[in-house]
>>> print(open('coords.tsv').read())   # TSV, C-alpha atoms and all ligand atoms
chain	number	residue	atom	x	y	z
A	982	MET	CA	68.92	-31.62	-35.41
A	983	ALA	CA	66.46	-30.99	-32.58
A	984	PHE	CA	64.64	-27.66	-32.76
A	985	SER	CA	66.03	-26.94	-36.25
A	986	PHE	CA	62.89	-24.87	-36.87
A	987	ILE	CA	64.34	-22.11	-34.69
A	988	GLU	CA	67.21	-21.35	-37.04
A	989	GLN	CA	65.05	-21.95	-40.14
A	990	LYS	CA	62.26	-19.66	-39.09
A	991	LEU	CA	64.61	-16.87	-38.02
A	992	ALA	CA	66.43	-17.11	-41.38
A	993	GLN	CA	63.06	-16.80	-43.15
A	994	GLN	CA	62.21	-13.69	-41.14
A	995	ARG	CA	65.50	-12.06	-42.21
A	996	GLU	CA	65.02	-13.06	-45.84
A	997	HIS	CA	61.51	-11.51	-46.00
A	998	ALA	CA	62.42	-8.27	-44.19
A	999	LEU	CA	60.28	-9.43	-41.26
A	1000	TYR	CA	62.98	-9.84	-38.62
A	1001	ARG	CA	62.12	-8.13	-35.33
A	1002	SER	CA	64.32	-7.02	-32.48
A	1003	THR	CA	63.97	-4.87	-29.39
A	1004	LYS	CA	65.51	-1.39	-29.21
A	1005	CYS	CA	66.54	-0.09	-25.82
A	1006	VAL	CA	64.90	3.26	-25.16
A	1007	GLU	CA	67.16	5.55	-23.12
A	1008	SER	CA	64.49	8.13	-22.47
A	1009	GLN	CA	61.16	9.04	-23.98
A	1010	ASN	CA	58.02	11.08	-23.77
A	1011	ALA	CA	55.08	11.11	-26.17
A	1012	ARG	CA	56.99	13.58	-28.40
A	1013	GLU	CA	60.59	12.40	-28.34
A	1014	VAL	CA	62.45	9.14	-27.95
A	1015	SER	CA	66.20	8.58	-27.43
A	1016	ILE	CA	67.69	5.37	-28.75
A	1017	ALA	CA	71.40	4.49	-29.11
A	1018	GLY	CA	72.49	8.01	-28.25
A	1019	LYS	CA	70.24	9.76	-30.77
A	1020	THR	CA	66.99	11.63	-30.10
A	1021	TYR	CA	64.10	11.32	-32.56
A	1022	LEU	CA	60.70	12.89	-32.93
A	1023	ASN	CA	58.53	10.03	-31.72
A	1024	PHE	CA	55.56	9.06	-33.91
A	1025	SER	CA	55.33	5.51	-32.57
A	1026	SER	CA	54.09	6.10	-29.05
A	1027	ASN	CA	50.71	4.92	-27.75
A	1028	ASP	CA	50.85	7.60	-25.05
A	1029	TYR	CA	48.10	9.35	-27.02
A	1030	LEU	CA	47.16	11.94	-24.40
A	1031	GLY	CA	50.78	12.64	-23.48
A	1032	LEU	CA	50.16	11.65	-19.86
A	1033	ASN	CA	53.24	9.50	-19.25
A	1034	ASN	CA	55.44	11.20	-16.66
A	1035	HIS	CA	52.68	13.63	-15.69
A	1036	PRO	CA	53.61	14.96	-12.21
A	1037	GLU	CA	50.18	14.17	-10.75
A	1038	ILE	CA	50.35	10.57	-11.95
A	1039	ASN	CA	53.94	10.18	-10.71
A	1040	LYS	CA	52.93	11.65	-7.35
A	1041	ALA	CA	50.00	9.22	-7.11
A	1042	MET	CA	52.34	6.32	-7.98
A	1043	GLN	CA	54.66	7.34	-5.14
A	1044	GLU	CA	51.74	7.76	-2.73
A	1045	GLY	CA	50.30	4.39	-3.84
A	1046	ALA	CA	53.66	2.69	-3.24
A	1047	ASP	CA	53.94	4.29	0.21
A	1048	ARG	CA	50.37	3.35	1.21
A	1049	PHE	CA	49.88	-0.06	-0.40
A	1050	GLY	CA	53.31	-1.26	-1.61
A	1051	THR	CA	54.60	-1.83	-5.12
A	1052	CYS	CA	53.23	-5.38	-5.35
A	1053	ALA	CA	49.80	-6.89	-4.68
A	1054	SER	CA	51.66	-9.93	-3.29
A	1055	ALA	CA	48.83	-12.34	-4.21
A	1056	SER	CA	46.10	-12.93	-6.77
A	1057	SER	CA	42.86	-10.98	-6.31
A	1058	LEU	CA	40.95	-13.88	-4.74
A	1059	ILE	CA	43.65	-14.65	-2.18
A	1060	THR	CA	44.93	-11.45	-0.53
A	1061	GLY	CA	45.88	-9.36	-3.58
A	1062	TYR	CA	42.74	-7.22	-3.88
A	1063	HIS	CA	43.57	-3.94	-2.14
A	1064	TYR	CA	41.65	-0.77	-1.44
A	1065	ALA	CA	43.56	0.81	-4.39
A	1066	HIS	CA	42.04	-1.77	-6.76
A	1067	GLN	CA	38.53	-1.38	-5.39
A	1068	SER	CA	38.74	2.38	-5.57
A	1069	LEU	CA	40.02	2.29	-9.17
A	1070	GLU	CA	37.21	-0.11	-10.18
A	1071	ASN	CA	34.65	2.23	-8.62
A	1072	ASP	CA	36.08	5.21	-10.50
A	1073	ILE	CA	35.91	3.29	-13.79
A	1074	CYS	CA	32.30	2.20	-13.16
A	1075	THR	CA	31.29	5.81	-12.51
A	1076	TRP	CA	33.25	7.10	-15.51
A	1077	LEU	CA	31.78	4.57	-17.93
A	1078	ASN	CA	28.39	4.22	-16.27
A	1079	LYS	CA	28.66	0.43	-15.98
A	1080	PRO	CA	27.69	-1.65	-12.94
A	1081	LYS	CA	30.88	-3.68	-12.58
A	1082	CYS	CA	34.58	-3.58	-13.35
A	1083	LEU	CA	37.42	-6.04	-12.86
A	1084	LEU	CA	41.15	-5.58	-13.35
A	1085	PHE	CA	43.63	-7.74	-15.24
A	1086	SER	CA	47.41	-7.65	-15.43
A	1087	SER	CA	47.37	-6.64	-19.12
A	1088	GLY	CA	45.03	-6.13	-22.05
A	1089	PHE	CA	46.32	-9.33	-23.61
A	1090	ALA	CA	45.50	-11.26	-20.42
A	1091	ALA	CA	42.06	-9.61	-20.16
A	1092	ASN	CA	41.06	-10.62	-23.68
A	1093	GLN	CA	42.31	-14.14	-23.13
A	1094	GLY	CA	40.73	-14.36	-19.69
A	1095	VAL	CA	37.28	-13.23	-20.82
A	1096	LEU	CA	37.11	-15.12	-24.10
A	1097	ASP	CA	38.38	-18.33	-22.56
A	1098	ALA	CA	35.76	-18.10	-19.80
A	1099	LEU	CA	32.80	-17.23	-22.04
A	1100	GLY	CA	33.79	-19.63	-24.82
A	1101	GLU	CA	31.64	-22.65	-24.04
A	1102	PRO	CA	30.73	-25.28	-26.67
A	1103	ASN	CA	27.43	-23.48	-27.31
A	1104	THR	CA	29.16	-20.11	-27.83
A	1105	ASN	CA	29.72	-18.53	-31.24
A	1106	TYR	CA	32.39	-15.85	-31.44
A	1107	TRP	CA	32.03	-13.48	-34.40
A	1108	LEU	CA	35.17	-11.38	-34.72
A	1109	ASP	CA	35.99	-8.50	-37.00
A	1110	LYS	CA	38.71	-9.67	-39.39
A	1111	LEU	CA	41.16	-7.01	-38.11
A	1112	SER	CA	40.81	-7.93	-34.44
A	1113	HIS	CA	43.98	-7.86	-32.31
A	1114	ALA	CA	46.05	-11.02	-31.83
A	1115	SER	CA	44.93	-11.32	-28.20
A	1116	LEU	CA	41.26	-11.46	-29.26
A	1117	ILE	CA	41.96	-14.03	-31.95
A	1118	ASP	CA	44.12	-16.18	-29.69
A	1119	GLY	CA	41.64	-15.92	-26.81
A	1120	ALA	CA	38.73	-16.95	-29.03
A	1121	LEU	CA	40.60	-19.78	-30.76
A	1122	ALA	CA	41.93	-21.22	-27.50
A	1123	SER	CA	38.40	-21.43	-26.05
A	1124	LYS	CA	35.73	-24.06	-26.63
A	1125	ALA	CA	33.65	-21.63	-28.70
A	1126	ARG	CA	33.15	-21.76	-32.46
A	1127	THR	CA	35.07	-18.79	-33.89
A	1128	LYS	CA	34.55	-17.10	-37.23
A	1129	ARG	CA	35.75	-13.74	-38.52
A	1130	PHE	CA	33.59	-11.35	-40.53
A	1131	LEU	CA	35.09	-9.03	-43.15
A	1132	HIS	CA	36.38	-5.80	-41.66
A	1133	ASN	CA	33.41	-3.62	-40.65
A	1134	ASP	CA	31.09	-5.61	-42.95
A	1135	MET	CA	27.78	-5.36	-41.08
A	1136	GLN	CA	25.87	-7.25	-43.76
A	1137	GLN	CA	28.11	-10.27	-43.45
A	1138	LEU	CA	27.90	-10.06	-39.66
A	1139	ASP	CA	24.09	-10.02	-39.92
A	1140	THR	CA	24.18	-13.11	-42.17
A	1141	PHE	CA	26.52	-14.94	-39.81
A	1142	LEU	CA	24.38	-14.11	-36.79
A	1143	SER	CA	21.23	-15.28	-38.61
A	1144	SER	CA	22.87	-18.66	-39.22
A	1145	SER	CA	22.74	-19.88	-35.62
A	1146	PRO	CA	20.05	-18.21	-33.52
A	1147	GLU	CA	20.04	-21.08	-31.05
A	1148	LYS	CA	23.62	-20.39	-29.96
A	1149	ASP	CA	25.09	-17.94	-27.43
A	1150	ASN	CA	26.41	-15.38	-29.92
A	1151	VAL	CA	29.09	-12.82	-29.07
A	1152	ILE	CA	30.16	-10.02	-31.42
A	1153	ILE	CA	33.79	-9.04	-30.92
A	1154	SER	CA	35.58	-6.03	-32.34
A	1155	GLU	CA	38.05	-3.32	-31.55
A	1156	GLY	CA	36.56	0.16	-31.04
A	1157	VAL	CA	39.38	1.91	-32.91
A	1158	PHE	CA	41.48	-0.55	-34.90
A	1159	SER	CA	45.08	-0.67	-33.75
A	1160	MET	CA	46.85	-0.84	-37.09
A	1161	ASP	CA	44.37	1.07	-39.30
A	1162	GLY	CA	43.06	3.69	-36.89
A	1163	ASP	CA	39.53	3.49	-38.31
A	1164	GLN	CA	36.49	2.80	-36.17
A	1165	ALA	CA	34.04	-0.03	-35.70
A	1166	ASN	CA	30.48	0.78	-36.69
A	1167	LEU	CA	29.35	0.58	-33.09
A	1168	SER	CA	25.75	1.65	-33.54
A	1169	SER	CA	25.20	-1.06	-36.20
A	1170	ILE	CA	26.98	-3.64	-34.05
A	1171	SER	CA	24.76	-2.77	-31.12
A	1172	GLN	CA	21.59	-2.89	-33.28
A	1173	LEU	CA	22.59	-6.29	-34.69
A	1174	ALA	CA	23.29	-7.55	-31.19
A	1175	LYS	CA	19.80	-6.50	-30.14
A	1176	LYS	CA	18.21	-8.08	-33.20
A	1177	HIS	CA	20.00	-11.42	-32.70
A	1178	LYS	CA	20.10	-11.38	-28.87
A	1179	ALA	CA	23.90	-11.43	-29.02
A	1180	LEU	CA	26.38	-9.96	-26.54
A	1181	THR	CA	28.90	-7.31	-27.60
A	1182	TYR	CA	32.56	-7.30	-26.52
A	1183	ILE	CA	34.64	-4.30	-27.59
A	1184	ASP	CA	38.39	-3.92	-27.15
A	1185	ASP	CA	38.86	-0.21	-26.50
A	1186	ALA	CA	42.67	-0.23	-26.24
A	1187	HIS	CA	42.93	2.64	-28.75
A	1188	SER	CA	39.68	4.48	-27.94
A	1189	ILE	CA	39.80	4.87	-24.19
A	1190	GLY	CA	40.83	8.39	-23.25
A	1191	VAL	CA	40.82	9.42	-26.92
A	1192	LYS	CA	37.13	9.16	-27.91
A	1193	GLY	CA	34.15	10.70	-26.13
A	1194	LYS	CA	33.61	13.99	-24.37
A	1195	PHE	CA	35.17	12.60	-21.19
A	1196	GLY	CA	37.49	10.13	-22.87
A	1197	GLU	CA	35.03	7.30	-22.20
A	1198	GLY	CA	35.82	5.61	-25.53
A	1199	SER	CA	33.36	3.45	-27.43
A	1200	LEU	CA	30.67	3.65	-24.74
A	1201	SER	CA	30.21	7.29	-25.79
A	1202	GLN	CA	28.92	5.99	-29.12
A	1203	ALA	CA	26.70	3.00	-28.40
A	1204	PRO	CA	25.57	0.69	-25.60
A	1205	ILE	CA	28.04	-2.20	-25.33
A	1206	ASP	CA	27.74	-5.19	-22.98
A	1207	MET	CA	31.44	-5.64	-22.24
A	1208	VAL	CA	34.31	-3.25	-22.82
A	1209	MET	CA	37.94	-4.10	-22.26
A	1210	ALA	CA	40.66	-1.45	-22.26
A	1211	THR	CA	44.33	-1.46	-21.40
A	1212	PHE	CA	45.86	1.17	-19.12
A	1213	GLY	CA	49.06	0.94	-21.17
A	1214	LYS	CA	48.19	3.42	-23.90
A	1215	ALA	CA	46.32	6.72	-23.40
A	1216	LEU	CA	46.08	6.16	-19.64
A	1217	ALA	CA	49.87	5.86	-19.36
A	1218	THR	CA	50.17	3.16	-16.66
A	1219	SER	CA	49.80	-0.60	-17.13
A	1220	GLY	CA	47.24	-3.36	-16.61
A	1221	ALA	CA	43.70	-3.44	-17.99
A	1222	PHE	CA	40.01	-3.46	-17.04
A	1223	VAL	CA	36.81	-5.08	-18.19
A	1224	VAL	CA	33.43	-3.47	-17.50
A	1225	CYS	CA	30.24	-5.52	-17.69
A	1226	ASN	CA	27.00	-6.34	-15.87
A	1227	GLU	CA	26.79	-8.01	-12.45
A	1228	ASP	CA	26.17	-11.56	-13.73
A	1229	ILE	CA	29.10	-11.53	-16.11
A	1230	TYR	CA	31.29	-10.01	-13.39
A	1231	GLU	CA	30.41	-12.82	-10.94
A	1232	TYR	CA	30.99	-15.39	-13.67
A	1233	LEU	CA	34.43	-13.97	-14.59
A	1234	VAL	CA	35.52	-13.79	-10.96
A	1235	ASN	CA	34.67	-17.47	-10.67
A	1236	PHE	CA	35.80	-18.79	-14.04
A	1237	SER	CA	38.34	-16.46	-15.69
A	1238	ARG	CA	41.63	-18.26	-15.26
A	1239	HIS	CA	43.75	-15.18	-16.00
A	1240	TYR	CA	41.89	-13.35	-13.25
A	1241	ILE	CA	42.00	-16.16	-10.73
A	1242	TYR	CA	45.53	-17.47	-11.21
A	1243	SER	CA	47.53	-14.27	-11.74
A	1244	THR	CA	48.96	-11.73	-9.28
A	1245	ALA	CA	46.71	-8.67	-9.11
A	1246	ILE	CA	48.13	-5.51	-10.70
A	1247	SER	CA	50.44	-3.42	-8.56
A	1248	PRO	CA	48.33	-1.38	-6.11
A	1249	ALA	CA	50.72	1.56	-6.68
A	1250	VAL	CA	49.91	1.36	-10.40
A	1251	ALA	CA	46.18	1.13	-9.61
A	1252	TRP	CA	46.45	4.28	-7.48
A	1253	ALA	CA	48.38	6.08	-10.25
A	1254	THR	CA	45.73	5.02	-12.79
A	1255	LYS	CA	43.06	6.78	-10.74
A	1256	ALA	CA	45.04	10.01	-11.26
A	1257	SER	CA	45.46	9.42	-14.99
A	1258	ILE	CA	41.74	8.70	-15.47
A	1259	LYS	CA	40.90	11.95	-13.71
A	1260	LEU	CA	43.19	13.87	-16.08
A	1261	ALA	CA	41.80	12.01	-19.12
A	1262	GLN	CA	38.26	12.94	-18.06
A	1263	GLN	CA	38.97	16.58	-17.33
A	1264	GLU	CA	41.48	17.67	-19.95
A	1265	GLN	CA	39.52	17.84	-23.20
A	1266	TRP	CA	42.28	19.99	-24.72
A	1267	ARG	CA	44.36	16.84	-25.16
A	1268	ARG	CA	41.70	15.27	-27.42
A	1269	ASP	CA	41.22	18.57	-29.29
A	1270	LYS	CA	44.96	18.77	-29.92
A	1271	ILE	CA	45.04	15.27	-31.40
A	1272	SER	CA	42.17	16.24	-33.76
A	1273	GLU	CA	43.84	19.53	-34.83
A	1274	LEU	CA	47.21	17.92	-35.49
A	1275	SER	CA	45.62	14.98	-37.29
A	1276	TYR	CA	43.84	17.39	-39.61
A	1277	LEU	CA	47.14	19.21	-40.18
A	1278	LEU	CA	48.87	15.96	-41.14
A	1279	SER	CA	46.12	15.01	-43.58
A	1280	THR	CA	46.35	18.42	-45.27
A	1281	THR	CA	50.16	18.66	-45.44
A	1282	LEU	CA	50.85	15.24	-46.92
A	1283	ASN	CA	50.94	15.15	-50.71
A	1284	ASN	CA	47.61	14.20	-52.30
A	1285	ASP	CA	48.96	10.95	-53.74
A	1286	ILE	CA	49.86	9.61	-50.27
A	1287	GLU	CA	46.95	7.58	-49.02
A	1288	LEU	CA	46.06	7.82	-45.38
A	1289	ILE	CA	43.44	5.40	-44.06
A	1290	LYS	CA	40.49	7.54	-42.96
A	1291	THR	CA	40.62	8.02	-39.21
A	1292	GLU	CA	39.24	10.01	-36.32
A	1293	SER	CA	41.77	8.64	-33.86
A	1294	SER	CA	45.45	9.16	-33.02
A	1295	ILE	CA	46.47	6.41	-35.45
A	1296	HIS	CA	47.34	7.29	-39.04
A	1297	ALA	CA	48.25	4.41	-41.32
A	1298	ILE	CA	50.07	4.91	-44.61
A	1299	VAL	CA	49.94	1.56	-46.40
A	1300	LEU	CA	52.97	0.93	-48.65
A	1301	GLY	CA	52.45	-2.76	-49.36
A	1302	SER	CA	55.85	-4.40	-49.42
A	1303	ALA	CA	57.67	-5.03	-46.15
A	1304	SER	CA	61.08	-4.01	-47.54
A	1305	LYS	CA	59.78	-0.74	-48.99
A	1306	THR	CA	58.15	0.11	-45.67
A	1307	LEU	CA	61.32	-0.74	-43.77
A	1308	ASN	CA	63.40	1.43	-46.13
A	1309	THR	CA	61.04	4.38	-45.76
A	1310	SER	CA	61.11	4.03	-41.99
A	1311	GLU	CA	64.96	3.99	-42.12
A	1312	LYS	CA	65.01	7.11	-44.30
A	1313	LEU	CA	62.80	8.92	-41.80
A	1314	LYS	CA	65.11	7.81	-38.99
A	1315	GLU	CA	68.09	9.38	-40.79
A	1316	ASN	CA	66.20	12.67	-40.52
A	1317	GLY	CA	65.43	12.27	-36.84
A	1318	ILE	CA	61.90	10.82	-37.10
A	1319	TRP	CA	60.89	7.55	-35.49
A	1320	VAL	CA	57.98	5.80	-37.23
A	1321	THR	CA	58.01	2.03	-36.89
A	1322	ALA	CA	57.43	-0.09	-40.00
A	1323	ILE	CA	54.49	-2.40	-39.30
A	1324	ARG	CA	54.81	-5.69	-41.17
A	1325	PRO	CA	53.20	-9.15	-41.29
A	1326	PRO	CA	52.09	-10.97	-39.26
A	1327	THR	CA	50.92	-7.86	-37.38
A	1328	VAL	CA	49.15	-6.83	-40.60
A	1329	ALA	CA	48.13	-8.88	-43.65
A	1330	LYS	CA	50.67	-9.78	-46.33
A	1331	ASN	CA	51.31	-6.92	-48.80
A	1332	SER	CA	49.78	-4.37	-46.45
A	1333	SER	CA	52.93	-3.26	-44.60
A	1334	ARG	CA	52.61	0.29	-43.44
A	1335	LEU	CA	53.96	3.24	-41.57
A	1336	ARG	CA	51.83	3.62	-38.47
A	1337	VAL	CA	52.05	7.24	-37.36
A	1338	THR	CA	50.63	8.09	-33.96
A	1339	ILE	CA	49.86	11.70	-33.12
A	1340	THR	CA	49.75	12.63	-29.46
A	1341	ALA	CA	48.71	15.64	-27.43
A	1342	SER	CA	52.43	16.33	-26.81
A	1343	HIS	CA	53.25	17.02	-30.47
A	1344	ASN	CA	53.09	20.50	-31.97
A	1345	ALA	CA	52.29	21.88	-35.42
A	1346	ASN	CA	55.97	22.16	-36.41
A	1347	ASP	CA	56.53	18.48	-35.56
A	1348	ILE	CA	53.70	17.50	-37.88
A	1349	LYS	CA	54.89	19.76	-40.71
A	1350	TYR	CA	58.42	18.34	-40.39
A	1351	LEU	CA	57.03	14.79	-40.45
A	1352	ALA	CA	54.82	15.49	-43.47
A	1353	SER	CA	57.62	17.14	-45.49
A	1354	ASN	CA	59.91	14.17	-44.80
A	1355	ILE	CA	57.27	11.61	-45.75
A	1356	ASN	CA	56.55	13.62	-48.92
A	1357	LYS	CA	60.29	13.59	-49.77
A	1358	ALA	CA	60.68	9.89	-49.03
A	1359	PHE	CA	57.73	9.12	-51.33
A	1360	LEU	CA	59.05	11.31	-54.16
A	1361	ASN	CA	62.49	9.69	-53.93
A	1362	GLY	CA	60.98	6.22	-53.73
A	1363	LYS	CA	59.21	6.58	-57.07
B	1401	LIG	C1	43.75	-3.74	-29.60
B	1401	LIG	C2	44.65	-4.19	-28.51
B	1401	LIG	N1	44.16	-5.01	-27.57
B	1401	LIG	C3	44.92	-5.45	-26.57
B	1401	LIG	C4	46.25	-5.08	-26.46
B	1401	LIG	C5	47.06	-5.61	-25.34
B	1401	LIG	O1	47.10	-4.71	-24.28
B	1401	LIG	P1	48.31	-4.78	-23.25
B	1401	LIG	O2	49.46	-4.08	-23.88
B	1401	LIG	O3	47.83	-4.13	-22.01
B	1401	LIG	O4	48.62	-6.24	-23.06
B	1401	LIG	C6	46.81	-4.22	-27.43
B	1401	LIG	C7	48.20	-3.76	-27.43
B	1401	LIG	O5	49.00	-3.76	-26.64
B	1401	LIG	C8	45.99	-3.77	-28.48
B	1401	LIG	O6	46.47	-2.96	-29.42
>>> encode(input="coords.tsv", output="structure tokens")
Amino acid sequence: MAFSFIEQKLAQQREHALYRSTKCVESQNAREVSIAGKTYLNFSSNDYLGLNNHPEINKAMQEGADRFGTCASASSLITGYHYAHQSLENDICTWLNKPKCLLFSSGFAANQGVLDALGEPNTNYWLDKLSHASLIDGALASKARTKRFLHNDMQQLDTFLSSSPEKDNVIISEGVFSMDGDQANLSSISQLAKKHKALTYIDDAHSIGVKGKFGEGSLSQAPIDMVMATFGKALATSGAFVVCNEDIYEYLVNFSRHYIYSTAISPAVAWATKASIKLAQQEQWRRDKISELSYLLSTTLNNDIELIKTESSIHAIVLGSASKTLNTSEKLKENGIWVTAIRPPTVAKNSSRLRVTITASHNANDIKYLASNINKAFLNGK
């Protein structure tokens, strides 16, 4: 039968507790989510700073729609590049102290668009093993040679870089890793880049807004040549940006297919993002709250529950088997807590996990309730 793989592969997903489906969210904020008539404490939101639905951002969205329209109505190089986009790019350049910025329709598109454009036959891409799917796919789909180094293994990265000094080497990593919550060793990466004359490309999806005194992410820790970040997480809108130097900017504008052949992001969204960046810069209390509540979680979970060490919003509790993780997530749901079970292929086989995200909208009681329920689920699971 034609396309028999569809049925076969879906059956396999069910058999291995890997089947995925969408759940329609009736309402949500960074603290609570309502699904199928029930409201849960939400520990699966990427709205780290709790900015979604902020009145100033909503007001800016409305103002942006009134001034520029909801749609760019063309790609950036045709007639889709509005004042709202230019103004947002300027704000980002000032915030991150980088010469140039360009906008993409999503973080996935940005990673694909940059890596496809820079991936020439003479390019070597060296990726951290835990890099996001969009980085891996972007690198593999390009003409570059792609190889992954062991997670945060700077010695192996050094060895790899030493192996082809004649090539155009690019080091690629996430700033904060999406499924583990730990951080790249950015100062070593930047030193290795200097030593081997390589470029650095950091995906700051989970660092922007959350790390740095003004929420400036990985650039607060080390000099990086190119940083990509999505607006869809801490900045609570959608789309993405890449910051870089002038040459790379000109090159991407001319050769990045995702940039050239895609409708520019909504100018209303761009205008709203200016408001969310302003809040992310100014409201340090949101970052402090994430740190305080993260510390509370680490001290209220039983000692035998292993949390991957983190200084971000992301707290991973690795359980191993997909079915055990799914069962634990279901048990938590019965008690009004939403923590999604993360399973392969998002993470490696036998490393399924609960991925708990703590946001600035949670409070101490939420964390204590979560911890006591995880403690109970673990005791009962033994
Ligand atoms: C590390 C990382 N990079 C890129 C993306 C993609 O960003 P976007 O959602 O804007 O496509 C995500 C998740 O969404 C991510 O976690």
>>> closest_atom_pairs(input="coords.tsv", of="chain A", to="ligand LIG 1401 (chain B)", cutoff="10 Å", atoms="all atoms listed in the file", output="tab-separated table")
residue	atom	partner	partner_atom	distance
A:Asn1027	CA	B:LIG1401	O5	8.9
A:Phe1085	CA	B:LIG1401	O3	8.7
A:Ser1086	CA	B:LIG1401	O3	7.5
A:Ser1087	CA	B:LIG1401	O3	3.9
A:Gly1088	CA	B:LIG1401	O1	3.4
A:Phe1089	CA	B:LIG1401	O4	3.9
A:Ala1090	CA	B:LIG1401	O4	6.5
A:Ala1091	CA	B:LIG1401	O4	7.9
A:Asn1092	CA	B:LIG1401	C3	7.1
A:Gln1093	CA	B:LIG1401	C3	9.7
A:Leu1111	CA	B:LIG1401	C1	9.5
A:Ser1112	CA	B:LIG1401	C1	7.0
A:His1113	CA	B:LIG1401	C1	4.9
A:Ala1114	CA	B:LIG1401	N1	7.6
A:Ser1115	CA	B:LIG1401	C3	6.1
A:Leu1116	CA	B:LIG1401	N1	7.3
A:Ser1154	CA	B:LIG1401	C1	8.9
A:Glu1155	CA	B:LIG1401	C1	6.0
A:Gly1156	CA	B:LIG1401	C1	8.3
A:Val1157	CA	B:LIG1401	C1	7.9
A:Phe1158	CA	B:LIG1401	C1	6.6
A:Ser1159	CA	B:LIG1401	O6	5.1
A:Met1160	CA	B:LIG1401	O6	8.0
A:Ile1183	CA	B:LIG1401	C1	9.3
A:Asp1184	CA	B:LIG1401	N1	5.9
A:Asp1185	CA	B:LIG1401	C1	6.8
A:Ala1186	CA	B:LIG1401	C2	5.0
A:His1187	CA	B:LIG1401	C1	6.5
A:Ser1188	CA	B:LIG1401	C1	9.3
A:Met1209	CA	B:LIG1401	N1	8.2
A:Ala1210	CA	B:LIG1401	C3	7.3
A:Thr1211	CA	B:LIG1401	O3	4.4
A:Phe1212	CA	B:LIG1401	O3	6.4
A:Gly1213	CA	B:LIG1401	O3	5.3
A:Lys1214	CA	B:LIG1401	O2	7.6
A:Thr1218	CA	B:LIG1401	O3	9.3
A:Ser1219	CA	B:LIG1401	O3	6.3
A:Gly1220	CA	B:LIG1401	O3	5.5
A:Ala1221	CA	B:LIG1401	O3	5.8
A:Phe1222	CA	B:LIG1401	O3	9.3
>>> axis_aligned_box(input="coords.tsv", around="region 1244-1263 of chain A", padding_each_side="4 Å", output="AutoDock Vina command-line options")
--center_x 44.5 --center_y 2.4 --center_z -12.6 --size_x 20.5 --size_y 36.3 --size_z 21.0
>>> atom_distance(input="coords.tsv", atom1="CA of Tyr1029 (chain A)", atom2="CA of Asn1078 (chain A)")
23.0 Å
>>> residues_near_point(input="coords.tsv", point="(50.8, 14.5, -38.5)", cutoff="12 Å", atoms="all atoms listed in the file", output="short mmCIF file (atom, residue, chain, number, x, y, z; two decimals) with C-alpha atoms, keeping the file's coordinate frame")
data_model
loop_
_atom_site.label_atom_id
_atom_site.label_comp_id
_atom_site.auth_asym_id
_atom_site.auth_seq_id
_atom_site.Cartn_x
_atom_site.Cartn_y
_atom_site.Cartn_z
CA ARG A 1012 56.99 13.58 -28.40
CA LEU A 1022 60.70 12.89 -32.93
CA ASN A 1023 58.53 10.03 -31.72
CA PHE A 1024 55.56 9.06 -33.91
CA SER A 1025 55.33 5.51 -32.57
CA LYS A 1270 44.96 18.77 -29.92
CA ILE A 1271 45.04 15.27 -31.40
CA SER A 1272 42.17 16.24 -33.76
CA GLU A 1273 43.84 19.53 -34.83
CA LEU A 1274 47.21 17.92 -35.49
CA SER A 1275 45.62 14.98 -37.29
CA TYR A 1276 43.84 17.39 -39.61
CA LEU A 1277 47.14 19.21 -40.18
CA LEU A 1278 48.87 15.96 -41.14
CA SER A 1279 46.12 15.01 -43.58
CA THR A 1280 46.35 18.42 -45.27
CA THR A 1281 50.16 18.66 -45.44
CA LEU A 1282 50.85 15.24 -46.92
CA LEU A 1288 46.06 7.82 -45.38
CA SER A 1293 41.77 8.64 -33.86
CA SER A 1294 45.45 9.16 -33.02
CA ILE A 1295 46.47 6.41 -35.45
CA HIS A 1296 47.34 7.29 -39.04
CA ALA A 1297 48.25 4.41 -41.32
CA ILE A 1298 50.07 4.91 -44.61
CA ILE A 1318 61.90 10.82 -37.10
CA VAL A 1320 57.98 5.80 -37.23
CA ARG A 1336 51.83 3.62 -38.47
CA VAL A 1337 52.05 7.24 -37.36
CA THR A 1338 50.63 8.09 -33.96
CA ILE A 1339 49.86 11.70 -33.12
CA THR A 1340 49.75 12.63 -29.46
CA ALA A 1341 48.71 15.64 -27.43
CA SER A 1342 52.43 16.33 -26.81
CA HIS A 1343 53.25 17.02 -30.47
CA ASN A 1344 53.09 20.50 -31.97
CA ALA A 1345 52.29 21.88 -35.42
CA ASN A 1346 55.97 22.16 -36.41
CA ASP A 1347 56.53 18.48 -35.56
CA ILE A 1348 53.70 17.50 -37.88
CA LYS A 1349 54.89 19.76 -40.71
CA TYR A 1350 58.42 18.34 -40.39
CA LEU A 1351 57.03 14.79 -40.45
CA ALA A 1352 54.82 15.49 -43.47
CA SER A 1353 57.62 17.14 -45.49
CA ASN A 1354 59.91 14.17 -44.80
CA ILE A 1355 57.27 11.61 -45.75
CA ASN A 1356 56.55 13.62 -48.92
#
>>> residues_around(input="coords.tsv", residues="region 1331-1335 of chain A", least_positions_apart="5", cutoff="8 Å", atoms="all atoms listed in the file", output="compact mmCIF listing (two decimals) with C-alpha atoms, in the coordinates of the input")
# COMPACT_ATOMS: atom_id res chain seq x y z
CA ALA A 1297 48.25 4.41 -41.32
CA ILE A 1298 50.07 4.91 -44.61
CA VAL A 1299 49.94 1.56 -46.40
CA LEU A 1300 52.97 0.93 -48.65
CA GLY A 1301 52.45 -2.76 -49.36
CA SER A 1302 55.85 -4.40 -49.42
CA ALA A 1303 57.67 -5.03 -46.15
CA THR A 1306 58.15 0.11 -45.67
CA SER A 1310 61.11 4.03 -41.99
CA VAL A 1320 57.98 5.80 -37.23
CA THR A 1321 58.01 2.03 -36.89
CA ALA A 1322 57.43 -0.09 -40.00
CA ILE A 1323 54.49 -2.40 -39.30
CA ARG A 1324 54.81 -5.69 -41.17
CA PRO A 1325 53.20 -9.15 -41.29
